[in-house]
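protein_33.txt, holding compact mmCIF, C-alpha atoms:
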# COMPACT_ATOMS: atom_id res chain seq x y z
CA MET Y 1 116.95 115.95 90.25
CA GLU Y 2 118.18 116.49 93.79
CA PRO Y 3 119.36 119.60 95.62
CA ILE Y 4 122.93 120.39 94.55
CA LEU Y 5 125.74 118.94 96.63
CA LEU Y 6 128.62 121.29 95.95
CA ALA Y 7 131.55 118.88 96.18
CA GLU Y 8 129.81 116.26 94.08
CA ALA Y 9 128.75 118.78 91.42
CA GLN Y 10 132.30 120.15 91.33
CA SER Y 11 133.86 116.78 90.70
CA ILE Y 12 131.41 116.08 87.87
CA ILE Y 13 132.19 119.47 86.30
CA ASP Y 14 135.90 118.60 86.59
CA SER Y 15 135.31 115.31 84.77
CA PHE Y 16 134.06 117.10 81.65
CA ALA Y 17 136.97 119.59 81.47
CA GLY Y 18 139.50 119.61 78.63
CA GLN Y 19 137.37 117.80 76.05
CA ASP Y 20 134.66 118.55 73.50
CA VAL Y 21 131.28 118.73 75.23
CA TYR Y 22 127.79 119.85 74.20
CA LEU Y 23 126.13 122.61 76.19
CA HIS Y 24 122.52 123.48 76.90
CA LEU Y 25 122.24 126.85 78.65
CA GLU Y 26 118.91 128.51 79.30
CA THR Y 27 117.27 131.23 81.31
CA THR Y 28 113.53 131.86 81.32
CA ASN Y 29 110.87 133.69 83.24
CA GLY Y 30 108.11 131.93 81.37
CA ALA Y 31 106.17 132.96 78.28
CA TYR Y 32 103.30 134.30 80.35
CA ALA Y 33 105.20 136.63 82.71
CA SER Y 34 104.15 139.80 80.89
CA HIS Y 35 100.60 138.47 80.45
CA PHE Y 36 100.07 138.06 84.18
CA ASP Y 37 101.93 141.30 85.02
CA GLU Y 38 102.01 143.80 82.19
CA THR Y 39 104.75 145.80 83.93
CA PHE Y 40 107.05 142.76 83.92
CA PHE Y 41 109.89 142.90 81.42
CA SER Y 42 110.13 139.41 80.01
CA ALA Y 43 113.56 138.21 78.96
CA GLY Y 44 115.29 134.89 78.45
CA ALA Y 45 117.70 133.07 76.20
CA TYR Y 46 118.76 129.57 75.39
CA ILE Y 47 121.45 127.86 73.40
CA ARG Y 48 121.26 124.14 72.69
CA ASN Y 49 124.08 121.94 71.56
CA ALA Y 50 126.83 124.52 71.58
CA LEU Y 51 130.05 122.55 71.12
CA ILE Y 52 132.57 123.85 73.63
CA GLN Y 53 135.69 122.84 75.49
CA TYR Y 54 136.43 124.34 78.89
CA GLU Y 55 139.78 124.51 80.61
CA HIS Y 56 138.21 124.36 84.03
CA GLY Y 57 134.85 124.99 85.65
CA LYS Y 58 133.74 125.96 89.14
CA ILE Y 59 130.49 125.88 91.02
CA THR Y 60 130.27 128.14 94.02
CA GLY Y 61 128.07 130.16 96.36
CA ALA Y 62 125.91 129.44 99.40
CA GLY Y 63 122.95 128.20 97.34
CA PRO Y 64 121.42 128.92 94.97
CA TYR Y 65 124.77 128.34 93.27
CA ARG Y 66 126.72 129.98 90.46
CA ALA Y 67 128.72 128.09 87.87
CA GLY Y 68 131.39 129.36 85.49
CA LEU Y 69 133.23 127.47 82.78
CA LYS Y 70 136.43 129.03 81.48
CA LEU Y 71 136.88 128.62 77.73
CA SER Y 72 140.12 129.32 75.89
CA ILE Y 73 138.59 132.57 74.58
CA GLY Y 74 135.50 133.12 76.70
CA TRP Y 75 133.18 132.04 79.48
CA VAL Y 76 129.96 130.21 80.21
CA TYR Y 77 128.09 131.50 83.26
CA ALA Y 78 124.87 130.61 85.08
CA GLU Y 79 123.43 131.66 88.42
CA GLY Y 80 120.47 130.51 90.45
CA LEU Y 81 121.31 126.79 90.23
CA THR Y 82 119.57 124.66 92.87
CA HIS Y 83 119.21 121.08 91.58
CA PHE Y 84 121.30 118.55 89.72
CA GLU Y 85 121.56 114.98 88.52
CA VAL Y 86 123.69 112.85 86.25
CA ASP Y 87 121.13 111.17 84.03
CA GLY Y 88 121.16 107.70 82.50
CA GLN Y 89 123.24 108.97 79.59
CA GLY Y 90 125.95 110.38 81.82
CA ARG Y 91 124.97 113.98 81.23
CA LEU Y 92 125.25 116.58 83.96
CA LEU Y 93 121.87 118.32 84.24
CA MET Y 94 121.74 121.35 86.53
CA ALA Y 95 118.74 123.60 86.97
CA GLY Y 96 117.57 126.47 89.09
CA LEU Y 97 114.04 125.86 90.32
CA ASP Y 98 112.07 128.65 91.98
CA PRO Y 99 110.11 128.03 95.20
CA ALA Y 100 107.12 126.79 93.14
CA GLY Y 101 109.38 124.29 91.34
CA LYS Y 102 109.43 126.21 88.07
CA LEU Y 103 112.63 126.14 86.06
CA ALA Y 104 114.34 129.53 85.83
CA VAL Y 105 117.79 128.53 84.60
CA ALA Y 106 119.42 125.38 83.22
CA LEU Y 107 123.04 124.47 82.58
CA GLU Y 108 123.66 121.02 81.10
CA ILE Y 109 126.82 119.35 79.85
CA SER Y 110 126.98 116.22 77.70
CA LYS Y 111 129.59 114.28 75.74
CA THR Y 112 127.00 113.60 73.02
CA PRO Y 113 124.55 116.04 71.40
CA PHE Y 114 121.25 116.68 73.15
CA GLU Y 115 118.19 115.53 71.17
CA MET Z 1 74.64 126.80 72.81
CA ALA Z 2 74.21 123.31 71.35
CA PHE Z 3 76.98 121.59 69.41
CA GLU Z 4 76.46 121.46 65.68
CA LYS Z 5 77.06 118.02 64.31
CA GLU Z 6 80.42 118.13 62.53
CA ARG Z 7 81.76 115.74 59.91
CA GLN Z 8 85.38 116.00 61.08
CA VAL Z 9 87.05 118.25 63.63
CA LEU Z 10 90.73 119.24 63.38
CA VAL Z 11 92.31 120.75 66.50
CA ILE Z 12 95.75 122.34 66.05
CA PHE Z 13 97.79 123.57 69.02
CA PRO Z 14 101.52 123.85 69.69
CA HIS Z 15 101.79 122.42 73.22
CA PRO Z 16 100.54 119.34 75.03
CA ASP Z 17 97.96 120.77 77.52
CA ASP Z 18 96.90 123.68 75.25
CA GLU Z 19 93.78 121.61 74.61
CA ALA Z 20 93.11 120.80 78.25
CA PHE Z 21 91.75 123.94 79.86
CA GLY Z 22 89.50 125.59 77.32
CA VAL Z 23 88.84 123.04 74.60
CA SER Z 24 88.84 119.51 76.04
CA GLY Z 25 85.12 119.60 76.87
CA THR Z 26 84.35 120.62 73.30
CA ILE Z 27 86.57 117.82 71.99
CA ALA Z 28 84.92 115.24 74.27
CA SER Z 29 81.48 116.47 73.20
CA HIS Z 30 82.28 116.04 69.51
CA VAL Z 31 83.70 112.59 70.20
CA GLN Z 32 80.53 111.70 72.09
CA ASN Z 33 78.53 112.96 69.09
CA GLY Z 34 80.33 110.40 66.95
CA THR Z 35 82.45 112.98 65.13
CA PRO Z 36 86.04 112.01 64.38
CA VAL Z 37 88.46 114.43 66.06
CA THR Z 38 92.08 114.80 65.00
CA TYR Z 39 94.37 116.58 67.44
CA ALA Z 40 97.61 117.83 65.91
CA CYS Z 41 100.10 118.94 68.54
CA LEU Z 42 103.10 120.71 67.06
CA THR Z 43 105.66 120.37 69.88
CA LEU Z 44 106.22 118.31 73.01
CA GLY Z 45 106.39 121.34 75.28
CA GLN Z 46 110.11 120.67 75.74
CA MET Z 47 110.72 124.08 77.34
CA GLY Z 48 107.98 123.95 79.95
CA ARG Z 49 108.99 125.40 83.31
CA ASN Z 50 107.04 122.95 85.45
CA LEU Z 51 109.06 119.85 86.25
CA GLY Z 52 106.94 118.75 89.20
CA ASN Z 53 107.46 119.92 92.77
CA PRO Z 54 109.52 118.24 94.08
CA PRO Z 55 110.86 117.75 90.55
CA PHE Z 56 110.13 114.38 88.93
CA ALA Z 57 111.28 115.55 85.47
CA THR Z 58 114.43 117.16 84.10
CA ARG Z 59 114.77 119.49 81.14
CA GLU Z 60 115.80 116.39 79.15
CA SER Z 61 113.16 113.92 80.35
CA LEU Z 62 110.30 116.44 80.17
CA PRO Z 63 109.47 115.85 76.48
CA LEU Z 64 109.12 112.09 77.03
CA ILE Z 65 106.94 112.64 80.07
CA ARG Z 66 104.77 115.19 78.27
CA LYS Z 67 104.43 112.91 75.27
CA GLN Z 68 102.94 110.23 77.51
CA GLU Z 69 100.74 112.79 79.27
CA LEU Z 70 99.46 113.94 75.88
CA LYS Z 71 98.61 110.36 74.92
CA ASP Z 72 96.84 109.87 78.26
CA ALA Z 73 94.84 113.09 77.80
CA ALA Z 74 93.85 112.10 74.26
CA GLU Z 75 92.72 108.74 75.56
CA ALA Z 76 90.69 110.37 78.32
CA LEU Z 77 88.91 112.48 75.70
CA GLY Z 78 88.39 109.59 73.28
CA ILE Z 79 90.56 111.15 70.55
CA GLN Z 80 91.30 108.44 67.99
CA ASP Z 81 93.75 110.40 65.88
CA LEU Z 82 96.51 112.14 67.83
CA ARG Z 83 99.36 113.53 65.75
CA MET Z 84 102.64 114.80 67.15
CA LEU Z 85 104.31 116.95 64.54
CA GLY Z 86 107.83 116.99 65.96
CA LEU Z 87 108.60 120.69 66.27
CA ARG Z 88 110.42 122.15 69.23
CA ASP Z 89 108.76 124.27 71.90
CA LYS Z 90 109.42 128.03 71.57
CA THR Z 91 110.66 127.69 67.98
CA VAL Z 92 107.39 127.57 66.01
CA GLU Z 93 107.60 131.24 65.04
CA PHE Z 94 111.13 130.70 63.72
CA GLU Z 95 110.31 127.73 61.47
CA SER Z 96 109.89 128.55 57.80
CA GLU Z 97 106.30 129.53 57.04
CA GLU Z 98 106.42 127.25 54.04
CA LYS Z 99 107.25 124.21 56.18
CA LEU Z 100 104.68 125.04 58.83
CA ASP Z 101 101.92 125.83 56.32
CA GLY Z 102 102.77 122.65 54.42
CA MET Z 103 102.33 120.50 57.54
CA ILE Z 104 98.97 122.08 58.25
CA SER Z 105 97.66 122.19 54.69
CA SER Z 106 98.47 118.52 54.12
CA MET Z 107 96.31 117.63 57.13
CA VAL Z 108 93.52 119.92 55.96
CA GLU Z 109 93.62 118.37 52.49
CA GLU Z 110 93.67 114.84 53.88
CA LEU Z 111 90.95 115.24 56.51
CA LYS Z 112 88.75 117.89 54.90
CA PRO Z 113 87.53 119.02 58.32
CA SER Z 114 84.21 120.80 58.71
CA LEU Z 115 85.58 122.60 61.79
CA VAL Z 116 89.12 123.69 62.66
CA ILE Z 117 90.04 124.85 66.18
CA THR Z 118 93.24 126.79 66.94
CA PHE Z 119 94.45 130.00 68.60
CA TYR Z 120 93.27 133.43 67.48
CA PRO Z 121 96.29 135.23 65.98
CA GLY Z 122 96.99 138.46 67.82
CA TYR Z 123 95.10 137.37 70.94
CA SER Z 124 96.76 134.24 72.22
CA VAL Z 125 99.81 135.53 74.17
CA HIS Z 126 102.45 132.82 73.64
CA PRO Z 127 104.58 133.25 70.47
CA ASP Z 128 104.03 129.56 69.59
CA HIS Z 129 100.25 130.06 69.88
CA GLU Z 130 100.45 133.11 67.66
CA ALA Z 131 102.57 131.39 65.01
CA THR Z 132 100.27 128.36 64.99
CA GLY Z 133 97.15 130.51 64.60
CA ARG Z 134 98.75 132.60 61.86
CA SER Z 135 99.70 129.51 59.90
CA VAL Z 136 96.23 127.97 60.17
CA VAL Z 137 94.69 131.25 59.01
CA ARG Z 138 97.10 131.43 56.05
CA VAL Z 139 96.31 127.86 55.02
CA LEU Z 140 92.52 128.25 55.29
CA SER Z 141 92.56 131.66 53.58
CA ARG Z 142 93.74 129.90 50.42
CA ILE Z 143 90.61 127.73 50.34
CA LYS Z 144 87.61 129.09 48.42
CA GLU Z 145 85.15 130.63 50.84
CA GLU Z 146 82.37 128.14 50.07
CA ASP Z 147 84.69 125.17 50.73
CA ARG Z 148 86.44 126.63 53.75
CA PRO Z 149 85.90 124.89 57.11
CA LYS Z 150 84.60 126.87 60.05
CA LEU Z 151 87.44 128.29 62.13
CA HIS Z 152 86.86 128.60 65.88
CA CYS Z 153 89.65 130.27 67.82
CA VAL Z 154 90.78 130.37 71.43
CA ALA Z 155 91.75 133.85 72.64
CA PHE Z 156 92.85 134.89 76.09
CA SER Z 157 95.06 137.97 75.81
CA ASN Z 158 94.13 140.75 78.23
CA ASN Z 159 92.70 142.81 75.36
CA CYS Z 160 90.81 140.06 73.53
CA VAL Z 161 87.27 140.96 74.64
CA GLU Z 162 87.97 144.66 74.20
CA ASP Z 163 89.11 144.10 70.60
CA LEU Z 164 87.04 141.12 69.43
CA GLY Z 165 83.94 141.56 71.55
CA GLU Z 166 82.53 138.71 73.63
CA ALA Z 167 83.08 135.20 72.30
CA ASP Z 168 80.31 134.26 69.87
CA ILE Z 169 80.56 130.51 70.51
CA ARG Z 170 79.82 129.39 74.07
CA TYR Z 171 79.33 125.84 75.26
CA ASN Z 172 78.47 124.30 78.57
CA VAL Z 173 80.42 121.05 78.76
CA LYS Z 174 79.08 119.85 82.11
CA SER Z 175 78.00 116.53 80.60
CA VAL Z 176 81.64 115.66 79.83
CA GLU Z 177 83.09 117.09 83.04
CA LYS Z 178 84.67 113.75 83.94
CA GLN Z 179 86.57 113.51 80.66
CA LYS Z 180 87.70 117.13 80.89
CA VAL Z 181 88.99 116.80 84.45
CA ALA Z 182 90.74 113.57 83.49
CA ALA Z 183 92.44 115.34 80.56
CA ILE Z 184 93.58 118.20 82.78
CA MET Z 185 94.94 115.74 85.35
CA ALA Z 186 96.64 113.69 82.62
CA HIS Z 187 99.02 116.61 82.04
CA ARG Z 188 100.35 115.96 85.50
CA SER Z 189 103.75 117.63 85.16
CA GLN Z 190 102.04 120.88 84.20
CA THR Z 191 98.80 120.75 86.19
CA GLN Z 192 99.72 119.01 89.44
CA TYR Z 193 100.03 122.38 91.18
CA MET Z 194 96.73 123.66 89.87
CA VAL Z 195 94.85 120.48 90.71
CA ALA Z 196 96.31 120.55 94.23
CA SER Z 197 95.05 124.12 94.62
CA TRP Z 198 91.50 122.89 93.93
CA GLY Z 199 91.58 120.94 97.21
CA ASP Z 200 88.15 119.39 97.69
CA LYS Z 201 86.35 122.01 95.58
CA LEU Z 202 85.48 119.41 92.97
CA VAL Z 203 83.90 117.17 95.58
CA THR Z 204 82.04 120.05 97.25
CA GLN Z 205 80.90 121.34 93.83
CA ASP Z 206 82.44 124.79 94.30
CA PRO Z 207 80.43 127.02 91.91
CA GLU Z 208 83.42 129.10 90.78
CA LEU Z 209 85.56 126.08 89.91
CA LEU Z 210 82.65 124.32 88.19
CA ALA Z 211 81.88 127.44 86.12
CA TRP Z 212 85.54 127.54 85.05
CA ILE Z 213 85.46 123.87 84.07
CA HIS Z 214 82.03 123.88 82.42
CA ASN Z 215 82.26 126.97 80.24
CA GLU Z 216 84.24 126.96 77.03
CA ARG Z 217 84.24 129.83 74.57
CA PHE Z 218 85.52 130.47 71.08
CA TRP Z 219 85.64 133.31 68.64
CA THR Z 220 84.69 132.59 65.05
CA TYR Z 221 87.61 133.88 63.01
CA GLN Z 222 86.72 137.12 61.26
CA TRP Z 223 87.93 136.85 57.68
CA PRO Z 224 88.65 140.19 56.09
CA ASP Z 225 85.85 141.38 53.77
CA LYS Z 226 86.27 140.38 50.14
CA GLU Z 227 87.61 143.11 47.90
Here is a file; write its structure as structure tokens.
Amino acid sequence: MEPILLAEAQSIIDSFAGQDVYLHLETTNGAYASHFDETFFSAGAYIRNALIQYEHGKITGAGPYRAGLKLSIGWVYAEGLTHFEVDGQGRLLMAGLDPAGKLAVALEISKTPFE
Amino acid sequence: MAFEKERQVLVIFPHPDDEAFGVSGTIASHVQNGTPVTYACLTLGQMGRNLGNPPFATRESLPLIRKQELKDAAEALGIQDLRMLGLRDKTVEFESEEKLDGMISSMVEELKPSLVITFYPGYSVHPDHEATGRSVVRVLSRIKEEDRPKLHCVAFSNNCVEDLGEADIRYNVKSVEKQKVAAIMAHRSQTQYMVASWGDKLVTQDPELLAWIHNERFWTYQWPDKE
């Protein structure tokens, strides 16, 4: 993955609009956050292989970036995105990596189901 | 404490690298003793947060990378029988108990281990660790006491010593330091940062780092008293 280039990421998001796509969306602070700091409130969520279709999507901000995908009856949202790549299977993989390189958020879009 | 000679050791953990820090010296010692060791790893650590820095993995390539790292670590330790059980990271506690117990009991029946190593339920922090330990305990509890293998558990929750007392099994694994360090380094995507933080402490024989590497501890699982 490379640091996000806004215009490039935007055009890739555009290319997936208006068709069935599979979504991986995840936030995490790590399973050990409350172990290392007992006052830390640990929270996270992920959804894998949600089948969605978005009318349009935007990525914006000054970095880290925010992305929103507008569905016919809802939204997909992620913030804290820093890195991206289109992998060998043509999937858009975006992630937010903290200063130590640890993943904090992921938003991925694919035309075929994720494994 | 000297290693007892075991007939067969079965190590069961949910994530590649769970074996590396606190158990790999024990594994290498049993291998060196000529004891067959089976390592069953339930998931591929698909949801790990470390992707390298700068990142050399993605969320999607991480499982493939960790699979290879796991194989490399097993090779470094001389493990002949590495089993990857195909579950998904962070989901072990949500699998059906029947399925999970079935996977574990079929290995126990096949291998008839004299020693099983896993996480201590209630004292192992990560929900996957807890679910793995609970399942192993359920499976072994169904075996008659006289036939039941020994169960040594890893515990590291903040309250583990307070609740369980000090670990009753303590090994110095200095003689297999090389294998242990190689296993830790094999899990590169997860340990690169830690190994970098060692700097030259390994070369200069830093006492604190060496103590951390050389000492491994386990709690013998306390079965409830018979009715």
* To do: Compile the residues of chain Y that lie within 7 Å of chain Z, evaluated using all atoms listed in the file, and express the compilation as a list in words.
  => Met1, Gly30, Ala31, Tyr32, His35, Ala100, Gly101, Lys102 and Leu103 of chain Y
For C-alpha atoms, I'd like the residues from the last selection saved as a compact mmCIF listing (two decimals), in the frame of the given file.
# COMPACT_ATOMS: atom_id res chain seq x y z
CA MET Y 1 116.95 115.95 90.25
CA GLY Y 30 108.11 131.93 81.37
CA ALA Y 31 106.17 132.96 78.28
CA TYR Y 32 103.30 134.30 80.35
CA HIS Y 35 100.60 138.47 80.45
CA ALA Y 100 107.12 126.79 93.14
CA GLY Y 101 109.38 124.29 91.34
CA LYS Y 102 109.43 126.21 88.07
CA LEU Y 103 112.63 126.14 86.06
* To do: For Y:Glu55, work out the shell of residues within 7 Å, counting all atoms listed in the file and skipping chain neighbours fewer than 3 positions away, then give it as JSON, numbers by chain.
  => {"Y": [17, 18, 70, 71, 72]}
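Candidate residues Y:Arg66, Y:Pro99, Y:Asn29, Y:Gly88 were compared for distance to Y:Gly44, and the nearest is Y:Asn29, using all atoms listed in the file.
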* **Nearest candidate to Z:Ala211 (options Z:Glu177, Z:Asp225, Z:Glu93, Z:Glu130; using all atoms listed in the file)** => Z:Glu177
* Which residues, protein or nucleic acid, reach to within 6 Å of (125.6, 124.9, 77.8) in the file's coordinates when using only C-alpha atoms, and can you give that as a list in words? ->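 Residues lying no farther than 6 Å from the given point: Leu23, His24, Leu25, Leu107 and Glu108 of chain Y.
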* Asked: At what distance in Å, to one decimal, does atom CA of Z:Gly45 lie from atom CA of Y:Ala78?
  -> 22.9 Å
* Distance query stretch 15-17 of chain Z at most 10 Å, all atoms listed in the file, self and fewer than 2 positions along chain excluded, as a PyMOL selection string -> chain Z and resi 12-13+19-24+40-48+63+66-71+73-74+84+87-90+128-129+183-188+190-191
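Separating atom CA of Z:Arg134 from atom CA of Z:Val92 is a distance of 10.8 Å.
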* To do: Kindly indicate which residue among Z:Thr118, Z:Ser189, Z:Gln179, Z:Thr204 lies nearest to Z:Thr220, using only C-alpha atoms for the distances.
  =>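 Going through Z:Thr118, Z:Ser189, Z:Gln179, Z:Thr204 one by one, the smallest distance to Z:Thr220 is for Z:Thr118.
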* Structure fact -> Using all atoms listed in the file, the best pick from Y:Ile52, Y:Ala33, Y:Ile73, Y:Leu81 as closest to Y:Ala9 would be Y:Leu81
* **Shortest interatomic distance to Y:Glu79 - which of Y:Leu6, Y:Ile12, Y:Leu92, Y:Ile59, counting all atoms listed in the file** => Y:Ile59
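In this model, the gap between atom CA of Z:His152 and atom CA of Z:Ser29 comes to 15.2 Å.
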* To do: Rank Z:Gly34, Z:Gly199, Z:Pro113, Z:Pro149 by their smallest atom-to-atom distance to Z:Val137, using only C-alpha atoms, and report the top residue only.
  => Z:Pro149
Quick one: stretch 34-48 of chain Y from the block, N, CA and C atoms, as a short mmCIF file (atom, residue, chain, number, x, y, z; two decimals), in the first residue's frame.
data_model
loop_
_atom_site.label_atom_id
_atom_site.label_comp_id
_atom_site.auth_asym_id
_atom_site.auth_seq_id
_atom_site.Cartn_x
_atom_site.Cartn_y
_atom_site.Cartn_z
N SER Y 34 -7.35 -2.57 26.05
CA SER Y 34 -7.78 -2.46 27.45
C SER Y 34 -6.88 -3.25 28.40
N HIS Y 35 -6.06 -4.13 27.83
CA HIS Y 35 -5.09 -4.88 28.64
C HIS Y 35 -3.93 -3.98 29.02
N PHE Y 36 -3.45 -3.21 28.04
CA PHE Y 36 -2.33 -2.31 28.28
C PHE Y 36 -2.75 -1.07 29.06
N ASP Y 37 -3.99 -0.62 28.86
CA ASP Y 37 -4.51 0.55 29.58
C ASP Y 37 -5.94 0.21 30.01
N GLU Y 38 -6.07 -0.10 31.29
CA GLU Y 38 -7.38 -0.58 31.76
C GLU Y 38 -8.46 0.50 31.73
N THR Y 39 -8.06 1.77 31.55
CA THR Y 39 -9.06 2.83 31.46
C THR Y 39 -9.55 3.00 30.01
N PHE Y 40 -8.88 2.31 29.08
CA PHE Y 40 -9.23 2.46 27.67
C PHE Y 40 -10.51 1.70 27.35
N PHE Y 41 -11.43 2.37 26.69
CA PHE Y 41 -12.67 1.73 26.28
C PHE Y 41 -12.48 1.14 24.88
N SER Y 42 -12.41 -0.16 24.81
CA SER Y 42 -12.11 -0.82 23.54
C SER Y 42 -13.39 -0.99 22.72
N ALA Y 43 -13.32 -0.58 21.46
CA ALA Y 43 -14.48 -0.73 20.59
C ALA Y 43 -14.01 -0.94 19.16
N GLY Y 44 -14.79 -1.64 18.39
CA GLY Y 44 -14.44 -1.85 16.99
C GLY Y 44 -15.58 -2.61 16.34
N ALA Y 45 -15.54 -2.67 15.02
CA ALA Y 45 -16.57 -3.42 14.31
C ALA Y 45 -16.01 -3.80 12.95
N TYR Y 46 -16.49 -4.93 12.42
CA TYR Y 46 -16.19 -5.14 11.01
C TYR Y 46 -17.34 -5.85 10.32
N ILE Y 47 -17.45 -5.61 9.05
CA ILE Y 47 -18.40 -6.33 8.21
C ILE Y 47 -17.63 -6.79 7.00
N ARG Y 48 -17.80 -8.04 6.62
CA ARG Y 48 -17.03 -8.60 5.50
C ARG Y 48 -17.99 -9.18 4.49
#
